[in-house]
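Below: data25.txt (compact mmCIF, C-alpha atoms)
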# COMPACT_ATOMS: atom_id res chain seq x y z
CA MET M 26 112.35 99.15 144.84
CA LEU M 27 111.54 95.96 143.05
CA ASN M 28 112.72 92.46 143.69
CA LYS M 29 115.80 91.94 141.54
CA LYS M 30 115.21 88.24 140.84
CA TYR M 31 111.56 88.81 139.99
CA ILE M 32 112.28 91.76 137.68
CA ILE M 33 115.11 90.01 135.88
CA SER M 34 113.11 86.78 135.55
CA VAL M 35 110.05 88.54 134.10
CA PHE M 36 112.18 90.70 131.81
CA VAL M 37 114.26 87.77 130.58
CA LEU M 38 111.11 85.67 130.11
CA PHE M 39 109.47 88.31 127.93
CA VAL M 40 112.63 89.02 125.97
CA LEU M 41 112.95 85.27 125.40
CA MET M 42 109.30 84.99 124.34
CA ASP M 43 109.73 87.92 121.95
CA THR M 44 112.92 86.39 120.57
CA VAL M 45 111.24 83.02 120.01
CA MET M 46 108.27 84.73 118.36
CA PHE M 47 110.56 86.82 116.17
CA TRP M 48 112.57 83.75 115.21
CA HIS M 49 109.34 81.97 114.36
CA TYR M 50 108.14 85.02 112.41
CA PHE M 51 111.41 85.22 110.50
CA ASN M 52 111.31 81.51 109.60
CA LEU M 53 107.66 81.66 108.60
CA LYS M 54 108.32 84.68 106.39
CA LYS M 55 111.22 82.89 104.74
CA GLU M 56 109.11 79.75 104.29
CA ILE M 57 106.30 81.76 102.66
CA ILE M 58 108.71 83.45 100.25
CA ASP M 59 110.31 80.09 99.42
CA ASN M 60 106.97 78.32 98.99
CA PHE M 61 105.54 81.11 96.90
CA SER M 62 108.52 81.30 94.56
CA ARG M 63 108.53 77.47 94.33
CA TYR M 64 104.81 77.54 93.53
CA GLN M 65 105.32 80.23 90.85
CA ASP M 66 108.22 78.28 89.38
CA PHE M 67 106.24 75.01 89.29
CA LYS M 68 103.19 76.79 87.89
CA THR M 69 105.20 78.37 85.05
CA LYS M 70 106.85 75.06 84.22
CA ILE M 71 103.57 73.13 84.34
CA GLU M 72 101.92 75.74 82.10
CA LYS M 73 104.79 75.39 79.61
CA ILE M 74 104.53 71.58 79.73
CA LEU M 75 100.76 71.77 79.17
CA PHE M 76 101.32 74.16 76.27
CA TYR M 77 103.74 71.77 74.61
CA LYS M 78 101.49 68.83 75.42
CA ASN M 79 98.52 70.55 73.79
CA GLN M 80 100.60 71.39 70.74
CA LEU M 81 101.36 67.74 70.08
CA ASP M 82 98.96 65.96 67.76
CA THR M 83 100.55 62.53 68.10
CA GLU M 84 97.53 60.82 69.64
CA LYS M 85 95.05 62.34 67.17
CA PHE M 86 97.29 61.36 64.29
CA VAL M 87 97.81 57.83 65.53
CA ASN M 88 94.08 57.43 66.15
CA LYS M 89 93.37 58.47 62.59
CA TYR M 90 95.63 55.70 61.28
CA LYS M 91 95.11 53.19 64.05
CA ASN M 92 94.33 50.41 61.57
CA LEU M 93 97.68 50.92 59.90
CA CYS M 94 99.62 51.50 63.06
CA THR M 95 101.90 49.21 65.01
CA VAL M 96 102.58 50.27 68.55
CA GLU M 97 106.10 49.72 69.79
CA ASN M 98 107.89 50.53 73.03
CA LYS M 99 108.85 54.09 72.30
CA SER M 100 107.21 54.74 68.98
CA TYR M 101 104.34 54.14 66.57
CA LYS M 102 105.02 52.65 63.16
CA ILE M 103 102.60 53.56 60.38
CA ILE M 104 102.63 52.21 56.85
CA ILE M 105 100.25 53.85 54.36
CA ARG M 106 99.77 52.79 50.79
CA CYS M 107 98.00 55.33 48.62
CA GLU M 108 97.08 53.97 45.28
CA LYS M 109 95.07 56.88 43.93
CA LEU M 110 97.64 59.54 44.60
CA LYS M 111 99.58 60.74 41.64
CA LYS M 112 102.46 63.12 41.12
CA ASP M 113 101.31 65.60 43.76
CA SER M 114 101.15 62.82 46.32
CA PHE M 115 104.09 64.12 48.28
CA LYS M 116 102.51 67.55 48.63
CA LYS M 117 99.29 66.03 49.86
CA PHE M 118 101.15 63.93 52.31
CA ASN M 119 103.06 66.94 53.45
CA ASN M 120 99.81 68.69 54.28
CA LEU M 121 99.05 65.75 56.47
CA LEU M 122 102.35 66.34 58.17
CA ASN M 123 101.32 69.86 59.10
CA LYS M 124 100.34 68.27 62.36
CA ASN M 125 102.73 68.47 65.27
CA ILE M 126 104.09 64.97 65.40
CA ASN M 127 107.60 63.95 66.24
CA ILE M 128 108.72 62.00 63.19
CA THR M 129 111.84 59.96 63.76
CA TYR M 130 111.72 58.14 60.46
CA LEU M 131 109.83 58.87 57.25
CA LYS M 132 109.99 57.20 53.89
CA VAL M 133 107.78 58.27 50.98
CA LYS M 134 108.16 56.19 47.85
CA LYS M 135 106.34 56.62 44.57
CA HIS M 136 106.11 53.68 42.24
CA ASN M 137 103.99 54.09 39.10
CA ASN M 138 100.68 55.37 40.49
CA THR M 139 101.21 54.04 43.97
CA VAL M 140 102.74 55.88 46.88
CA SER M 141 103.82 54.03 49.97
CA ILE M 142 104.50 55.92 53.19
CA LYS M 143 106.37 54.40 56.07
CA MET M 144 106.79 56.45 59.15
CA GLU M 145 107.86 56.16 62.72
CA ILE M 146 106.52 58.62 65.30
CA ALA M 147 108.03 59.02 68.73
CA LYS M 148 105.57 58.59 71.61
CA MET S 10 121.25 77.66 160.52
CA LYS S 11 123.18 80.06 162.70
CA ASN S 12 121.63 83.37 163.79
CA ILE S 13 123.91 86.37 164.35
CA LEU S 14 123.27 89.83 165.70
CA TYR S 15 125.16 92.24 163.47
CA THR S 16 126.53 95.22 165.42
CA ARG S 17 129.16 97.80 164.52
CA ASP S 18 131.78 95.78 166.41
CA PHE S 19 130.98 92.51 164.67
CA LYS S 20 134.30 90.87 163.73
CA GLU S 21 133.48 87.19 163.39
CA ASN S 22 134.73 85.52 160.21
CA ILE S 23 131.60 83.88 158.80
CA LYS S 24 132.05 80.82 156.55
CA GLU S 25 128.58 79.27 156.79
CA ASP S 26 124.99 80.22 156.00
CA VAL S 27 123.61 82.68 158.54
CA ASN S 28 120.50 84.69 159.33
CA VAL S 29 121.67 88.26 159.97
CA ILE S 30 119.75 90.20 162.61
CA LEU S 31 120.61 93.90 162.36
CA SER S 32 121.18 95.76 165.61
CA PRO S 33 119.27 99.11 165.98
CA GLN S 34 122.48 100.88 164.89
CA TYR S 35 121.65 99.87 161.29
CA TYR S 36 118.02 100.81 160.89
CA TRP S 37 115.46 103.46 161.69
CA ILE S 38 112.18 102.44 163.23
CA LYS S 39 109.04 104.43 164.07
CA LYS S 40 105.65 103.40 165.27
CA ILE S 41 102.86 104.23 162.84
CA ASP S 42 100.26 106.02 164.94
CA ILE S 43 97.61 106.40 162.27
CA PRO S 44 95.20 103.48 161.67
CA VAL S 45 96.53 101.11 159.04
CA LYS S 46 94.61 98.24 157.42
CA ASN S 47 97.47 96.05 156.31
CA ARG S 48 101.22 95.81 155.85
CA ARG S 49 101.11 97.02 152.25
CA GLU S 50 99.41 100.22 153.34
CA ALA S 51 101.88 100.56 156.20
CA LYS S 52 104.75 100.14 153.73
CA LYS S 53 103.42 103.04 151.63
CA ILE S 54 103.17 105.21 154.71
CA ALA S 55 106.69 104.20 155.83
CA LYS S 56 108.23 106.15 152.93
CA ASN S 57 106.80 109.41 154.21
CA ILE S 58 107.13 108.88 157.92
CA PHE S 59 110.91 109.40 158.04
CA ASP S 60 112.76 112.53 157.06
CA LEU S 61 115.20 110.53 154.96
CA LYS S 62 116.21 110.61 151.29
CA GLN S 63 113.96 108.09 149.61
CA ASP S 64 116.50 107.02 147.01
CA GLU S 65 119.06 106.15 149.70
CA TYR S 66 116.86 104.01 151.96
CA TYR S 67 114.91 100.84 151.74
CA PHE S 68 111.52 101.28 153.41
CA ASP S 69 109.31 98.59 154.86
CA ALA S 70 106.79 98.04 157.63
CA VAL S 71 106.37 95.32 160.24
CA LYS S 72 103.55 94.37 162.57
CA ILE S 73 104.49 93.73 166.17
CA GLY S 74 101.57 92.93 168.43
CA ASN S 75 98.72 95.08 167.16
CA ASP S 76 100.91 97.95 166.03
CA TYR S 77 102.60 98.66 162.75
CA TYR S 78 106.16 100.01 162.69
CA ALA S 79 107.86 101.75 159.80
CA VAL S 80 111.43 100.59 159.13
CA ALA S 81 114.14 102.28 157.04
CA ILE S 82 117.45 100.61 156.19
CA ARG S 83 120.24 102.14 154.11
CA LYS S 84 120.45 100.65 150.63
CA ASP S 85 124.24 100.79 150.69
CA LEU S 86 124.33 98.88 153.95
CA ASN S 87 127.82 97.49 154.31
CA ILE S 88 127.75 94.14 156.07
CA ASN S 89 131.14 92.61 156.49
CA ILE S 90 129.97 89.10 155.60
CA ASP S 91 130.21 87.43 152.23
CA LYS S 92 126.74 87.86 150.57
CA LYS S 93 126.57 84.21 149.58
CA TYR S 94 126.40 83.23 153.27
CA ILE S 95 123.61 85.70 154.09
CA LYS S 96 120.36 83.76 153.82
CA SER S 97 118.17 86.48 155.32
CA VAL S 98 118.41 90.00 156.76
CA ARG S 99 116.21 90.76 159.75
CA ILE S 100 115.96 93.43 162.42
CA ALA S 101 116.38 93.06 166.16
CA GLN S 102 112.96 94.63 166.75
CA THR S 103 111.04 91.75 165.19
CA GLU S 104 113.33 88.88 166.20
CA LEU S 105 114.17 89.84 169.77
CA ASP S 106 110.86 91.45 170.71
CA GLU S 107 110.14 88.97 173.53
CA PHE S 108 113.18 90.22 175.50
CA GLU S 109 113.39 93.48 177.43
CA CYS S 110 117.17 93.70 177.80
CA ILE S 111 120.00 91.82 176.09
CA ASN S 112 123.66 92.10 177.04
CA LEU S 113 125.97 92.17 174.04
CA PRO S 114 129.54 90.77 174.08
CA ASN S 115 131.09 94.16 173.17
CA GLY S 116 130.05 95.70 176.48
CA PHE S 117 126.83 97.23 175.14
CA SER S 118 123.26 96.23 175.78
CA LEU S 119 119.99 96.38 173.88
CA LYS S 120 117.17 97.84 175.90
CA LYS S 121 113.58 98.58 175.08
CA VAL S 122 112.38 102.13 175.39
CA GLU S 123 108.66 102.59 174.70
CA GLY S 124 108.59 99.19 173.03
CA MET S 125 111.58 99.85 170.71
CA PHE S 126 115.14 98.56 171.07
CA PHE S 127 118.02 100.99 171.49
CA CYS S 128 121.71 100.36 172.04
CA PHE S 129 123.24 101.52 175.32
CA PRO S 130 126.81 101.27 176.69
CA GLY S 131 127.35 98.86 179.59
CA HIS S 132 125.66 95.67 180.65
CA SER S 133 122.44 95.52 182.60
CA ASP S 134 121.91 93.25 185.61
CA ASN S 135 118.56 92.00 184.41
CA GLY S 136 119.79 91.53 180.81
CA VAL S 137 120.09 88.11 179.20
CA CYS S 138 123.21 86.95 177.40
CA LEU S 139 123.06 87.36 173.60
CA TYR S 140 124.38 83.82 172.93
CA ASN S 141 121.57 82.28 174.94
CA VAL S 142 119.06 84.46 173.12
CA LEU S 143 120.30 83.64 169.61
CA GLU S 144 120.19 79.92 170.31
CA LYS S 145 116.59 79.78 171.48
CA ILE S 146 114.78 82.43 169.39
CA SER S 147 112.30 81.40 166.73
CA LEU S 148 112.59 83.67 163.70
CA SER S 149 109.69 85.78 162.46
CA ASP S 150 108.39 86.02 158.88
CA TYR S 151 109.87 89.50 158.43
CA THR S 152 112.93 89.47 156.22
CA PHE S 153 114.32 92.52 154.40
CA ASN S 154 115.37 91.88 150.86
CA ILE S 155 117.92 94.70 150.69
CA PHE S 156 120.52 92.83 148.65
CA ASN S 157 118.08 91.49 146.06
CA THR S 158 116.45 94.68 144.84
CA LEU S 159 116.72 96.75 141.71
CA ASN S 160 116.46 100.48 141.91
CA ILE S 161 114.07 100.80 139.02
CA ASP S 162 110.94 102.85 138.91
CA VAL S 163 107.81 100.67 138.75
CA LYS S 164 106.25 102.98 136.15
CA ASN S 165 109.31 102.65 133.91
CA PHE S 166 109.30 98.90 134.40
CA ILE S 167 105.61 98.75 133.42
CA LYS S 168 106.38 100.86 130.31
CA ILE S 169 109.17 98.50 129.26
CA MET S 170 106.99 95.46 129.88
CA THR S 171 104.12 97.05 127.93
CA VAL S 172 106.43 97.52 124.94
CA LEU S 173 107.62 93.90 125.20
CA ILE S 174 104.05 92.61 125.49
CA PHE S 175 102.99 94.77 122.54
CA ILE S 176 105.85 93.35 120.44
CA PHE S 177 104.89 89.84 121.55
CA ILE S 178 101.21 90.29 120.64
CA SER S 179 101.98 91.92 117.28
CA LEU S 180 104.37 89.07 116.46
CA ILE S 181 101.70 86.51 117.37
CA ILE S 182 99.19 88.27 115.08
CA ARG S 183 101.79 88.42 112.30
CA ASN S 184 102.66 84.76 112.77
CA VAL S 185 99.02 83.70 112.63
CA THR S 186 98.54 85.73 109.42
CA TYR S 187 101.67 84.27 107.84
CA PHE S 188 100.70 80.77 108.91
CA THR S 189 97.31 81.16 107.21
CA GLU S 190 98.97 82.53 104.07
CA ASN S 191 101.41 79.64 104.04
CA GLN S 192 98.55 77.14 104.31
CA LYS S 193 96.86 78.82 101.32
CA ILE S 194 100.04 78.47 99.26
CA LEU S 195 100.37 74.80 100.28
CA LYS S 196 96.76 74.23 99.13
CA LYS S 197 97.73 75.64 95.73
CA PHE S 198 100.40 72.94 95.55
CA GLU S 199 97.63 70.36 96.03
CA TYR S 200 95.90 71.89 93.00
CA LEU S 201 99.11 71.58 90.95
CA LYS S 202 99.26 67.90 91.91
CA SER S 203 96.00 67.37 90.00
CA TYR S 204 97.93 67.74 86.72
CA GLY S 205 99.63 64.44 87.50
CA LEU S 206 103.09 65.89 87.07
CA PRO S 207 105.94 65.36 89.52
CA LEU S 208 106.27 68.27 91.95
CA ASN S 209 109.99 68.52 92.27
CA ASN S 210 112.29 70.74 90.32
CA TYR S 211 114.56 68.03 88.99
CA GLN S 212 111.80 65.86 87.51
CA LEU S 213 109.76 68.81 86.31
CA ASN S 214 112.79 70.26 84.51
CA ALA S 215 113.44 66.89 82.89
CA VAL S 216 109.82 66.63 81.65
CA LEU S 217 109.87 70.22 80.40
CA LYS S 218 113.20 69.74 78.66
CA ASP S 219 111.88 66.57 77.03
CA TYR S 220 108.81 68.42 75.71
CA GLU S 221 110.91 71.38 74.58
CA THR S 222 113.32 69.12 72.69
CA LYS S 223 110.42 67.24 71.13
CA TYR S 224 108.66 70.44 70.14
CA ASN S 225 111.79 72.04 68.67
CA LYS S 226 112.45 68.87 66.72
CA ILE S 227 108.91 68.93 65.31
CA ILE S 228 109.29 72.57 64.26
CA ASN S 229 112.61 71.74 62.64
CA THR S 230 111.16 68.72 60.77
CA LYS S 231 108.26 70.85 59.56
CA LYS S 232 110.69 73.47 58.25
CA VAL S 233 112.69 70.75 56.46
CA LEU S 234 109.57 69.24 54.88
CA SER S 235 108.28 72.65 53.94
CA TYR S 236 111.57 73.45 52.17
CA ILE S 237 111.66 70.11 50.38
CA ASN S 238 108.11 70.80 49.29
CA ARG S 239 109.20 74.03 47.65
CA ILE S 240 111.64 72.30 45.25
CA PRO S 241 110.73 73.73 41.84
CA LEU S 242 109.41 70.85 39.72
CA ARG S 243 108.39 71.13 36.07
CA PRO S 244 105.52 69.11 34.59
CA GLY S 245 106.55 65.46 34.43
CA GLU S 246 109.06 65.83 37.28
CA TYR S 247 108.24 64.33 40.67
CA ILE S 248 109.79 63.16 43.92
CA LYS S 249 110.34 59.46 43.54
CA GLU S 250 111.56 58.71 46.97
CA PHE S 251 112.05 60.63 50.17
CA VAL S 252 113.66 59.20 53.29
CA LEU S 253 114.07 61.14 56.50
CA ASP S 254 116.12 59.20 58.99
CA LYS S 255 117.25 61.10 62.09
CA ASN S 256 119.33 63.96 60.72
CA LYS S 257 119.73 62.67 57.25
CA ILE S 258 117.51 63.00 54.18
CA THR S 259 117.86 60.89 51.08
CA LEU S 260 115.94 62.39 48.19
CA THR S 261 115.37 60.83 44.77
CA ILE S 262 113.76 63.02 42.12
CA HIS S 263 112.68 62.10 38.64
CA THR S 264 114.02 65.14 36.76
CA ASN S 265 116.24 66.38 33.98
CA LYS S 266 118.19 68.76 36.16
CA LYS S 267 120.24 68.71 39.34
CA ARG S 268 118.79 70.60 42.33
CA ASP S 269 122.05 71.10 44.25
CA ASP S 270 121.86 74.91 44.10
CA PHE S 271 118.41 75.03 45.64
CA LEU S 272 119.10 72.44 48.32
CA SER S 273 122.53 73.77 49.35
CA HIS S 274 120.91 77.05 50.50
CA LYS S 275 119.32 75.23 53.40
CA PHE S 276 121.17 71.94 53.88
CA LYS S 277 124.63 70.55 53.72
CA ILE S 278 124.87 68.20 50.76
CA ILE S 279 126.68 65.02 51.76
CA LYS S 280 126.42 63.27 48.42
CA SER S 281 124.67 63.97 45.13
CA SER S 282 124.46 62.15 41.83
CA PHE S 283 122.58 62.60 38.57
CA ASP S 284 121.76 59.75 36.16
CA LYS S 285 121.06 61.51 32.88
CA SER S 286 119.96 58.39 31.04
CA HIS S 287 117.21 57.52 33.58
CA HIS S 288 116.52 61.16 34.61
CA ILE S 289 117.20 60.36 38.24
CA TYR S 290 118.69 62.91 40.63
CA LYS S 291 119.70 61.48 44.02
CA VAL S 292 120.97 63.54 46.93
CA VAL S 293 121.85 62.87 50.57
CA LEU S 294 121.38 65.90 52.88
CA ASP S 295 122.48 66.67 56.37
CA VAL S 296 119.61 68.43 58.16
CA LYS S 297 121.14 69.00 61.60

Encoded form (structure tokens):
Amino acid sequence: MLNKKYIISVFVLFVLMDTVMFWHYFNLKKEIIDNFSRYQDFKTKIEKILFYKNQLDTEKFVNKYKNLCTVENKSYKIIIRCEKLKKDSFKKFNNLLNKNINITYLKVKKHNNTVSIKMEIAK
Amino acid sequence: MKNILYTRDFKENIKEDVNVILSPQYYWIKKIDIPVKNRREAKKIAKNIFDLKQDEYYFDAVKIGNDYYAVAIRKDLNINIDKKYIKSVRIAQTELDEFECINLPNGFSLKKVEGMFFCFPGHSDNGVCLYNVLEKISLSDYTFNIFNTLNIDVKNFIKIMTVLIFIFISLIIRNVTYFTENQKILKKFEYLKSYGLPLNNYQLNAVLKDYETKYNKIINTKKVLSYINRIPLRPGEYIKEFVLDKNKITLTIHTNKKRDDFLSHKFKIIKSSFDKSHHIYKVVLDVK
């Protein structure tokens, strides 16, 4: 024969403690799954961004022509005048454009033996 | 608080808190003759001292003077008083021990025989009146918790509690492990912060989309330039002017021949003209 109040109190206390612990466990498990999937998602996106970032040659290109370059708010303007280039000038220039740069405006004009190139590159 | 002696003829209508003293009609009592160290030991002995069914009786032990007495009370004791008014259940033996004979109002009397109270018919001349007794007695520490007990085996209770404690401990261990794991994941977020990119989905998606658009546009421009570069030109023919503005290309070629066929494979021709006299072919292309 055990004291009813004592038994019930102890039993209820432990059931309550187990419930709280289980609730905590359940929440923690959910949080871990959420955090991990969020981390994986961010990691994948950041890796993609870094990939695209590394693919872009804008800064290298601009640095190469920094003397001819005007920096604007959202773009770089470059004007090149090539006097020695002849009829294959466009092809040569096109090789230059093999770089990954985001050209928003490009004008190549040949006049006699001179080729002028005006371009605008997005930042 | 009022004290009452509960006998078989008790008919009072109780509407206040009371201490119930059971008359000998409601309990069994026996003196424990063997040496006993303490009440707990006496209580264990009490179970075996009576020839009663153990599951039907509540067993206890009390110390009166230097002797221990075993007490047995029925578990299904039917007291005709609302339980909420019963503050304690006691026995006449412990509470009325200082008296030798007590006259009860129902014509009976409680008398001691060999130190133990028994109920006898008729009043005794040397007996004291019950009402006087109940008013002046000081109650002992012995109360019998017969209405607040659970008929559960201690071993079973310990088993249940062991399972609950085991669950509790295993959950604590699990929680600690998960907490540590969670902290490790949060540290990885700190590492991601070192890239200097915003760590929320909305902004990250916007940055990624921006890069993707930019990259796709670059690839597209490169394809356009590559195609323009492949325009078949004979000796003496050359591209005089090339303008790429957003999704539109204006191309001027010094040539003797139109290049509409070649260009229309890849682009939509918006406008084209050919000046035979100056050998100038001009075309406007949509490169969307």

(request) Please measure the separation of atom CA of M:Phe47 and atom CA of M:Ile32, giving the value in Å to one decimal. (result)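 Distance reported for this atom pair: 22.1 Å.
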
(message) Distance cut-off 6 Å, counting only C-alpha atoms - which residues of chain M neighbour chain S? Return them as a ChimeraX atom specification.
(response) /M:26-29,43,50,57,74,112,127,129-135

(request) Write out as a PyMOL selection string each polymer residue whose atoms come within 12 Å of S:Cys110, counting all atoms listed in the file; drop sequence neighbours fewer than 3 positions from it. (result) chain S and resi 101-102+105-107+113+117-122+124-129+131-139+142

(request) Between atom CA of S:Arg99 and atom CA of S:Leu148, measure the distance and give it in Å to one decimal. (result) 8.9 Å

(request) Please indicate the distance in Å from atom CA of S:Lys275 to atom CA of S:Lys297, rounded to one decimal place. (result)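 Spanning atom CA of S:Lys275 to atom CA of S:Lys297 is a straight-line distance of 10.5 Å.
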
(request) Would you please work out which residue, of M:Leu81, M:Ile58, M:Val37, M:Met144, is nearest to M:Lys124 when using only C-alpha atoms? (result)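 Checking each of M:Leu81, M:Ile58, M:Val37, M:Met144 against M:Lys124, counting only C-alpha atoms, the winner is M:Leu81.
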
Size and centre in Å, one decimal, axis-aligned box, all listed stretch 59-76 of chain S atoms plus 5 Å per side, as JSON:
{"center_x": 108.9, "center_y": 102.7, "center_z": 157.7, "size_x": 30.3, "size_y": 29.6, "size_z": 31.4}

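The environment of S:Ser97 within 7 Å, counting all atoms listed in the file and disregarding residues fewer than 5 places along the same chain, consists of Asn28, Val29 and Thr152 of chain S.
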
(request) Would you mind listing what lies within 10 Å of S:Asn115 as a PyMOL selection string, with only C-alpha atoms counted and same-chain residues fewer than 6 positions away left out? (result) chain S and resi 16-19+130-132

Once you have the residues from the selection above, write them out as an mmCIF file, in the frame of the given file, restricted to C-alpha atoms.
data_model
loop_
_atom_site.group_PDB
_atom_site.id
_atom_site.type_symbol
_atom_site.label_atom_id
_atom_site.label_comp_id
_atom_site.auth_asym_id
_atom_site.auth_seq_id
_atom_site.Cartn_x
_atom_site.Cartn_y
_atom_site.Cartn_z
ATOM 1 C CA THR S 16 126.530 95.220 165.420
ATOM 2 C CA ARG S 17 129.160 97.800 164.520
ATOM 3 C CA ASP S 18 131.780 95.780 166.410
ATOM 4 C CA PHE S 19 130.980 92.510 164.670
ATOM 5 C CA PRO S 130 126.810 101.270 176.690
ATOM 6 C CA GLY S 131 127.350 98.860 179.590
ATOM 7 C CA HIS S 132 125.660 95.670 180.650
#

Could you name the residues that touch S:Lys280 at 7 Å or less, counting only C-alpha atoms, but leaving out those on the same chain fewer than 2 positions away, as a PDB file with C-alpha atoms, keeping the file's coordinate frame?
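The result, written out as out_9.pdb:
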ATOM      1  CA  ILE S 278     124.870  68.200  50.760  1.00  0.00           C
ATOM      2  CA  SER S 282     124.460  62.150  41.830  1.00  0.00           C
ATOM      3  CA  VAL S 292     120.970  63.540  46.930  1.00  0.00           C
ATOM      4  CA  VAL S 293     121.850  62.870  50.570  1.00  0.00           C
TER       5      VAL S 293
END

At the level of C-alpha atoms, write stretch 60-119 of chain S to a file as a short mmCIF file (atom, residue, chain, number, x, y, z; two decimals), in the first residue's frame, please.
data_model
loop_
_atom_site.label_atom_id
_atom_site.label_comp_id
_atom_site.auth_asym_id
_atom_site.auth_seq_id
_atom_site.Cartn_x
_atom_site.Cartn_y
_atom_site.Cartn_z
CA ASP S 60 -4.76 -14.31 10.05
CA LEU S 61 -6.37 -11.90 7.61
CA LYS S 62 -6.32 -11.54 3.81
CA GLN S 63 -3.51 -9.12 3.11
CA ASP S 64 -5.14 -7.57 0.06
CA GLU S 65 -8.28 -6.70 2.03
CA TYR S 66 -6.66 -5.00 5.03
CA TYR S 67 -4.50 -2.03 5.71
CA PHE S 68 -1.75 -2.96 8.18
CA ASP S 69 0.15 -0.65 10.46
CA ALA S 70 1.82 -0.60 13.86
CA VAL S 71 1.70 1.82 16.78
CA LYS S 72 3.81 2.26 19.88
CA ILE S 73 1.95 2.67 23.14
CA GLY S 74 4.17 2.97 26.18
CA ASN S 75 7.10 0.66 25.49
CA ASP S 76 5.11 -1.85 23.49
CA TYR S 77 4.36 -2.09 19.81
CA TYR S 78 0.87 -3.07 18.65
CA ALA S 79 -0.07 -4.37 15.22
CA VAL S 80 -3.22 -2.80 13.74
CA ALA S 81 -5.35 -4.02 10.83
CA ILE S 82 -8.16 -1.96 9.31
CA ARG S 83 -10.36 -3.00 6.39
CA LYS S 84 -9.48 -1.19 3.17
CA ASP S 85 -13.13 -0.96 2.19
CA LEU S 86 -14.00 0.65 5.50
CA ASN S 87 -17.34 2.35 5.06
CA ILE S 88 -17.52 5.49 7.14
CA ASN S 89 -20.78 7.32 6.79
CA ILE S 90 -19.16 10.75 6.67
CA ASP S 91 -18.33 12.74 3.57
CA LYS S 92 -14.58 12.11 2.87
CA LYS S 93 -13.87 15.81 2.38
CA TYR S 94 -14.68 16.42 6.08
CA ILE S 95 -12.41 13.62 7.33
CA LYS S 96 -9.08 15.25 8.18
CA SER S 97 -7.60 12.19 9.89
CA VAL S 98 -8.48 8.61 10.80
CA ARG S 99 -7.27 7.36 14.16
CA ILE S 100 -7.96 4.46 16.48
CA ALA S 101 -9.39 4.52 19.99
CA GLN S 102 -6.39 2.57 21.30
CA THR S 103 -3.91 5.38 20.65
CA GLU S 104 -6.17 8.36 21.32
CA LEU S 105 -8.05 7.17 24.40
CA ASP S 106 -5.26 5.16 26.01
CA GLU S 107 -5.18 7.29 29.18
CA PHE S 108 -8.73 6.18 30.10
CA GLU S 109 -9.70 2.79 31.52
CA CYS S 110 -13.44 2.92 30.82
CA ILE S 111 -15.54 5.22 28.64
CA ASN S 112 -19.33 5.23 28.53
CA LEU S 113 -20.71 5.66 25.02
CA PRO S 114 -24.04 7.40 24.26
CA ASN S 115 -25.51 4.28 22.58
CA GLY S 116 -25.55 2.35 25.85
CA PHE S 117 -22.20 0.63 25.26
CA SER S 118 -18.89 1.21 26.96
CA LEU S 119 -15.24 0.90 26.01
#
